[in-house]
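Please read the structure below before turning to the comments.
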Amino acid sequence: MRRLASRSHTRGGRGLGPCLCLLVGAGCSDSQDVPLPEIKWQGEHLRAGGDLDTACEGNLPYMDALIGELQHRLGTPGEGIVDFYYVAAQTDGTPLRDYCESADSGGLLACTNDRQEVFSRAIPHEHELVHAVDAEVGFSQTFLEEGLAEFLGDDGRMAGRGEPTGSVADAIASVTRGNLPLGYYGVAGHFVSFLEGRLGTGELIERIDAVDFEASADDVEAALAMGVRGGFPALEQQYEATPKCARASYRDAESMCNVAAPLFDRCSPDEDTIVDVAIDRASEDVLGPREEEIWAYRTFEIVNSGVYRVLAVRGGAVYLPEGLEIKPCGGGCDSPPISIEVFDEQELFASDTDVDLETGRYLMRVTRPVSDPASVRIQFRGDGCE
Ligand SMILES: [Zn+2]
């Protein structure tokens, strides 16, 4: 990783290609000949530019490492560099919609084009990084592409991420000019999660890659139903019979777990393992700000299923009931996150929270309001610790 000397570039002459947008409402298409923000940072897989001065230190190394994990997960060659432009303050006067050439600027959050360029008002933006990594081998049809990005993407709480609604067939058919209506993101992500459970990652990615960006709804259904007796209607029936859940549960956090630092090497059944996590802009692994929050991830392994006791105490003054969250790294409806209250250090009644944890790996998110950075002390103990 190194800082780069100033440079700017335009992307003239390569014509229009596929572009995916995350927005409410209107569609978007790829823009052309808009001068790009200066690249200011380069890692192994990622270059970054834009309003980086306003973002936390940890975003770029985190996204760089995450891209490496996503390349591995998606089986892409991994030779392409992702260019991430953080277009938050829009200090150079170019609004995000110009990079994404969208008619609707209000609801536009981000877009990714087939040159592995991401333009985003949010940082980090894991959902768009999934697209950017997949762009190296070409986008799939938008229902599958968005479903994949939702399944493997970030834990932001933006609209369209509740329980899936609508039928798979309707969602596939709803794609127009490369856009999936926001209301179908839920069913797209959950359906990809269902397929992953059925097929495994390798076969899932093969199926998704085999479908072109321009594929018709019939082609998408045929590719998905390959080998299913009764064809797509039978597959959809099987899907409808499975439990539904919101994205916070079904999303798969393996890649994020692989780049998070361990919370502890080992815990003890007899005494609390105490870890302080500093959540402030200067800490090298703190991410954001996004949705008015800054946060850090830690990972830990549970060797024996059982009841574990967690106590989290912070030094700041702003109450945030979901300041600590624990989620199994794997995806699926049986992987809901567990929210744990973070107590004030002066609180007299601060008490442990008992959580049932199955054997496996977990992702912990330690969150603070951006206006109130603080160090959070986490005390962890359980009979299953060795
Ligand atoms: Zn997307």
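Identifiers in the structure tokens: chain A, B, ... in order shown; residue index from 1 per chain; ligand index from 1 in order shown.
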- Task: Residues within 10 Å of ligand 1 should be enumerated using only C-alpha atoms and all ligand atoms and returned as a PyMOL selection string.
- Result: chain A and resi 19-23+109-112+126-132+142-150+153+179-180+182+185
Export of the given selection (C-alpha atoms) as a short mmCIF file (atom, residue, chain, number, x, y, z; two decimals), in the first residue's frame:
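To be explicit, this is the file written out as out-v8.cif:
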data_model
loop_
_atom_site.label_atom_id
_atom_site.label_comp_id
_atom_site.auth_asym_id
_atom_site.auth_seq_id
_atom_site.Cartn_x
_atom_site.Cartn_y
_atom_site.Cartn_z
CA CYS A 19 -23.64 -0.25 -14.96
CA LEU A 20 -25.40 -1.25 -11.76
CA CYS A 21 -26.92 1.31 -9.45
CA LEU A 22 -28.13 1.13 -5.91
CA LEU A 23 -30.85 3.69 -5.72
CA LEU A 109 -26.36 5.79 -3.16
CA ALA A 110 -23.75 4.20 -5.40
CA CYS A 111 -23.03 2.64 -8.75
CA THR A 112 -20.47 0.25 -10.21
CA GLU A 126 -19.16 -4.00 0.51
CA HIS A 127 -22.26 -4.50 -1.66
CA GLU A 128 -20.67 -2.48 -4.48
CA LEU A 129 -17.33 -4.27 -4.01
CA VAL A 130 -19.08 -7.56 -4.80
CA HIS A 131 -20.24 -6.04 -8.11
CA ALA A 132 -16.81 -4.56 -8.77
CA THR A 142 -29.35 -7.89 -12.56
CA PHE A 143 -31.64 -10.02 -10.35
CA LEU A 144 -28.77 -12.48 -9.78
CA GLU A 145 -26.11 -9.78 -9.61
CA GLU A 146 -27.99 -7.80 -6.96
CA GLY A 147 -28.91 -10.97 -5.12
CA LEU A 148 -25.23 -11.96 -4.94
CA ALA A 149 -24.21 -8.48 -3.73
CA GLU A 150 -26.91 -8.51 -1.07
CA GLY A 153 -22.44 -7.51 1.02
CA ASN A 179 -32.21 -2.15 -12.94
CA LEU A 180 -33.95 -4.14 -10.26
CA LEU A 182 -35.50 -1.72 -4.73
CA TYR A 185 -33.59 -6.65 -3.44
#
Which stretch 288-348 of chain A residues have any atom within 10 Å of an atom of stretch 46-64 of chain A, and for each, what is the nearest pair of atoms with distance in Å to one decimal, counting only C-alpha atoms, rows sorted by chain and number, as CSV?
residue,atom,partner,partner_atom,distance
A:Gly288,CA,A:Cys56,CA,5.7
A:Pro289,CA,A:Ala55,CA,6.3
A:Arg290,CA,A:Ala55,CA,9.2
A:Ile294,CA,A:Cys56,CA,8.1
A:Trp295,CA,A:Cys56,CA,9.7
A:Ala296,CA,A:Gly58,CA,8.7
- Query: So what do you get for atom CA of A:Glu196 versus atom CA of A:Val82, distance-wise?
  - Reply: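 The value is 25.3 Å.
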- Pick from A:Val192, A:Ala169, A:Val310, A:Ala253: nearest to A:Glu69, with only C-alpha atoms counted?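 Smallest distance to A:Glu69 is found for A:Ala253.
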- DSSP says strand (DSSP E or B) for which residues of stretch 82-199 of chain A? Put them as a list of chain:residue names?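 The strand (DSSP E or B) residues within stretch 82-199 of chain A come out as A:Val82, A:Asp83, A:Phe84, A:Tyr85, A:Tyr86, A:Ser102, A:Leu108, A:Leu109, A:Ala110, A:Cys111, A:Thr112, A:Asn113, A:Glu117, A:Val118, A:Phe119, A:Ser120, A:Thr176, A:Asn179.
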Please produce a file of those selected residues containing N, CA and C atoms, as a PDB file, in the first residue's frame.
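Final file, out16.pdb:
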ATOM      1  N   VAL A  82      -9.763  -2.689  -8.424  1.00  0.00           N
ATOM      2  CA  VAL A  82     -11.027  -1.975  -8.222  1.00  0.00           C
ATOM      3  C   VAL A  82     -10.711  -0.512  -7.885  1.00  0.00           C
ATOM      4  N   ASP A  83     -11.352   0.404  -8.600  1.00  0.00           N
ATOM      5  CA  ASP A  83     -11.222   1.837  -8.285  1.00  0.00           C
ATOM      6  C   ASP A  83     -12.455   2.275  -7.517  1.00  0.00           C
ATOM      7  N   PHE A  84     -12.241   2.726  -6.294  1.00  0.00           N
ATOM      8  CA  PHE A  84     -13.352   3.143  -5.440  1.00  0.00           C
ATOM      9  C   PHE A  84     -13.287   4.646  -5.246  1.00  0.00           C
ATOM     10  N   TYR A  85     -14.324   5.336  -5.679  1.00  0.00           N
ATOM     11  CA  TYR A  85     -14.388   6.790  -5.518  1.00  0.00           C
ATOM     12  C   TYR A  85     -15.441   7.130  -4.476  1.00  0.00           C
ATOM     13  N   TYR A  86     -14.976   7.720  -3.399  1.00  0.00           N
ATOM     14  CA  TYR A  86     -15.888   8.121  -2.322  1.00  0.00           C
ATOM     15  C   TYR A  86     -16.398   9.520  -2.654  1.00  0.00           C
ATOM     16  N   SER A 102     -27.306   9.153 -13.690  1.00  0.00           N
ATOM     17  CA  SER A 102     -28.643   8.819 -13.246  1.00  0.00           C
ATOM     18  C   SER A 102     -29.532  10.045 -13.335  1.00  0.00           C
ATOM     19  N   LEU A 108     -29.935   8.189  -5.080  1.00  0.00           N
ATOM     20  CA  LEU A 108     -28.776   7.441  -5.562  1.00  0.00           C
ATOM     21  C   LEU A 108     -27.731   7.279  -4.464  1.00  0.00           C
ATOM     22  N   LEU A 109     -27.344   6.049  -4.204  1.00  0.00           N
ATOM     23  CA  LEU A 109     -26.356   5.790  -3.157  1.00  0.00           C
ATOM     24  C   LEU A 109     -25.002   5.414  -3.744  1.00  0.00           C
ATOM     25  N   ALA A 110     -25.011   4.662  -4.821  1.00  0.00           N
ATOM     26  CA  ALA A 110     -23.749   4.200  -5.397  1.00  0.00           C
ATOM     27  C   ALA A 110     -23.995   3.564  -6.748  1.00  0.00           C
ATOM     28  N   CYS A 111     -22.939   3.438  -7.534  1.00  0.00           N
ATOM     29  CA  CYS A 111     -23.032   2.637  -8.750  1.00  0.00           C
ATOM     30  C   CYS A 111     -21.668   2.023  -9.030  1.00  0.00           C
ATOM     31  N   THR A 112     -21.696   0.945  -9.799  1.00  0.00           N
ATOM     32  CA  THR A 112     -20.473   0.252 -10.206  1.00  0.00           C
ATOM     33  C   THR A 112     -20.585  -0.030 -11.690  1.00  0.00           C
ATOM     34  N   ASN A 113     -19.521   0.211 -12.439  1.00  0.00           N
ATOM     35  CA  ASN A 113     -19.588  -0.083 -13.870  1.00  0.00           C
ATOM     36  C   ASN A 113     -18.685  -1.277 -14.210  1.00  0.00           C
ATOM     37  N   GLU A 117     -15.126   0.200 -11.615  1.00  0.00           N
ATOM     38  CA  GLU A 117     -15.127   1.500 -10.945  1.00  0.00           C
ATOM     39  C   GLU A 117     -16.387   1.631 -10.101  1.00  0.00           C
ATOM     40  N   VAL A 118     -16.175   1.982  -8.826  1.00  0.00           N
ATOM     41  CA  VAL A 118     -17.295   2.185  -7.903  1.00  0.00           C
ATOM     42  C   VAL A 118     -17.356   3.669  -7.553  1.00  0.00           C
ATOM     43  N   PHE A 119     -18.552   4.230  -7.567  1.00  0.00           N
ATOM     44  CA  PHE A 119     -18.788   5.605  -7.113  1.00  0.00           C
ATOM     45  C   PHE A 119     -19.812   5.504  -5.999  1.00  0.00           C
ATOM     46  N   SER A 120     -19.445   6.001  -4.826  1.00  0.00           N
ATOM     47  CA  SER A 120     -20.308   5.714  -3.679  1.00  0.00           C
ATOM     48  C   SER A 120     -20.386   6.887  -2.718  1.00  0.00           C
ATOM     49  N   THR A 176     -35.494  -3.961 -15.745  1.00  0.00           N
ATOM     50  CA  THR A 176     -35.563  -3.207 -16.996  1.00  0.00           C
ATOM     51  C   THR A 176     -34.314  -2.338 -17.099  1.00  0.00           C
ATOM     52  N   ASN A 179     -31.862  -2.559 -14.303  1.00  0.00           N
ATOM     53  CA  ASN A 179     -32.210  -2.149 -12.942  1.00  0.00           C
ATOM     54  C   ASN A 179     -33.251  -3.052 -12.307  1.00  0.00           C
TER      55      ASN A 179
END
- Considering only C-alpha atoms, state which residue in the set A:Glu79, A:Glu386, A:Asp252, A:Glu293 is at the smallest distance from A:Arg266.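 Looking at the shortest contact to A:Arg266, the residue is A:Glu386.
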- Item | Which of stretch 56-283 of chain A fall in helix (DSSP H, G or I), as an MDAnalysis selection string | chainID A and resid 59:74 96:100 126:134 142:152 168:173 182:199 201:210 217:224 231:240 247:250 254:259
- Task: Find the spatial neighbours of A:Thr242, counting only C-alpha atoms, within a cut-off of 10 Å - ignore same-chain residues fewer than 3 positions away - and output them as a VMD selection string.
- Result: chain A and resid 194 237 to 239 245 333
- Mind checking which residues fall within 9 Å of A:Ala217, counting only C-alpha atoms, ignoring those fewer than 5 positions away in the same chain, and posting them as a PyMOL selection string? chain A and resi 141+169+172-175+222
Would you output that residue set with N, CA and C atoms, as an mmCIF file, in the first residue's frame?
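What follows is the written file out-v6.cif:
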data_model
loop_
_atom_site.group_PDB
_atom_site.id
_atom_site.type_symbol
_atom_site.label_atom_id
_atom_site.label_comp_id
_atom_site.auth_asym_id
_atom_site.auth_seq_id
_atom_site.Cartn_x
_atom_site.Cartn_y
_atom_site.Cartn_z
ATOM 1 N N GLN A 141 -27.107 -11.291 -14.987
ATOM 2 C CA GLN A 141 -28.388 -10.583 -15.077
ATOM 3 C C GLN A 141 -28.660 -9.900 -13.729
ATOM 4 N N ALA A 169 -40.172 -15.121 -9.718
ATOM 5 C CA ALA A 169 -40.454 -14.919 -11.152
ATOM 6 C C ALA A 169 -40.754 -13.451 -11.443
ATOM 7 N N ILE A 172 -37.461 -11.432 -11.234
ATOM 8 C CA ILE A 172 -36.595 -11.633 -12.408
ATOM 9 C C ILE A 172 -37.143 -10.831 -13.592
ATOM 10 N N ALA A 173 -38.473 -10.876 -13.748
ATOM 11 C CA ALA A 173 -39.104 -10.200 -14.889
ATOM 12 C C ALA A 173 -39.137 -8.683 -14.728
ATOM 13 N N SER A 174 -38.899 -8.209 -13.501
ATOM 14 C CA SER A 174 -39.023 -6.765 -13.243
ATOM 15 C C SER A 174 -37.804 -5.977 -13.722
ATOM 16 N N VAL A 175 -36.719 -6.690 -14.054
ATOM 17 C CA VAL A 175 -35.487 -5.993 -14.444
ATOM 18 C C VAL A 175 -35.688 -5.282 -15.783
ATOM 19 N N ALA A 222 -34.295 -20.671 -16.902
ATOM 20 C CA ALA A 222 -33.770 -21.938 -17.415
ATOM 21 C C ALA A 222 -32.426 -22.269 -16.770
#
- For A:Gly323, which residue out of A:Gly160, A:Gly382, A:Pro373, A:Gly360 is the nearest one, using only C-alpha atoms? A:Pro373
- Message: Report as JSON, numbers by chain all protein, DNA and RNA residues lying within 7 Å of A:Ala135, evaluated on only C-alpha atoms, omitting residues in the same chain fewer than 4 positions from it.
- Response: {"A": [114, 115, 116, 131, 139]}
Based on the selection just made, write N, CA and C atoms of those residues as a PDB file, in the first residue's frame.
ATOM      1  N   ASP A 114     -18.715  -1.663 -15.472  1.00  0.00           N
ATOM      2  CA  ASP A 114     -18.013  -2.885 -15.863  1.00  0.00           C
ATOM      3  C   ASP A 114     -16.509  -2.684 -15.990  1.00  0.00           C
ATOM      4  N   ARG A 115     -16.022  -1.475 -15.672  1.00  0.00           N
ATOM      5  CA  ARG A 115     -14.571  -1.252 -15.624  1.00  0.00           C
ATOM      6  C   ARG A 115     -14.059  -1.356 -14.189  1.00  0.00           C
ATOM      7  N   GLN A 116     -14.861  -1.948 -13.327  1.00  0.00           N
ATOM      8  CA  GLN A 116     -14.517  -2.133 -11.909  1.00  0.00           C
ATOM      9  C   GLN A 116     -14.364  -0.797 -11.194  1.00  0.00           C
ATOM     10  N   HIS A 131     -20.055  -6.324  -6.681  1.00  0.00           N
ATOM     11  CA  HIS A 131     -20.242  -6.037  -8.109  1.00  0.00           C
ATOM     12  C   HIS A 131     -18.896  -5.778  -8.798  1.00  0.00           C
ATOM     13  N   PHE A 139     -20.834  -8.775 -15.548  1.00  0.00           N
ATOM     14  CA  PHE A 139     -22.009  -8.840 -14.684  1.00  0.00           C
ATOM     15  C   PHE A 139     -22.964  -9.926 -15.151  1.00  0.00           C
TER      16      PHE A 139
END
- A:Met364, A:Ala374, A:Leu74, A:Ile340: which is nearest A:Leu204, counting only C-alpha atoms? A:Leu74
- Query: Just how far from atom CA of A:Gly162 is atom CA of A:Arg247, in Å to one decimal?
  - Reply: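 Separating atom CA of A:Arg247 from atom CA of A:Gly162 is a distance of 6.2 Å.
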- Query: Which one is closest to A:Ser255: A:Gly384, A:Gly107, A:Pro164, A:Gly330? Count only C-alpha atoms.
  - Reply: A:Gly330
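Remark: for A:Ser268, the closest of the candidate residues A:Thr359, A:Ser371, A:Gln379, A:Thr353 is A:Gln379 (distances computed over only C-alpha atoms).
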- Message: Please list as number ranges by chain every residue within 7 Å of A:Val277, counting only C-alpha atoms and excluding residues in the same chain fewer than 3 positions away.
- Response: A: 375-377
Selected residues, C-alpha atoms, written as an mmCIF file, in the first residue's frame, please.
data_model
loop_
_atom_site.group_PDB
_atom_site.id
_atom_site.type_symbol
_atom_site.label_atom_id
_atom_site.label_comp_id
_atom_site.auth_asym_id
_atom_site.auth_seq_id
_atom_site.Cartn_x
_atom_site.Cartn_y
_atom_site.Cartn_z
ATOM 1 C CA SER A 375 -13.367 2.918 23.906
ATOM 2 C CA VAL A 376 -15.634 -0.061 24.566
ATOM 3 C CA ARG A 377 -14.553 -2.648 27.123
#
- Query: Which value, in Å to one decimal, gives the distance between atom CA of A:Ile338 and atom CA of A:Tyr297?
  - Reply: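 Atom-to-atom, atom CA of A:Ile338 and atom CA of A:Tyr297 are spaced 14.4 Å apart.
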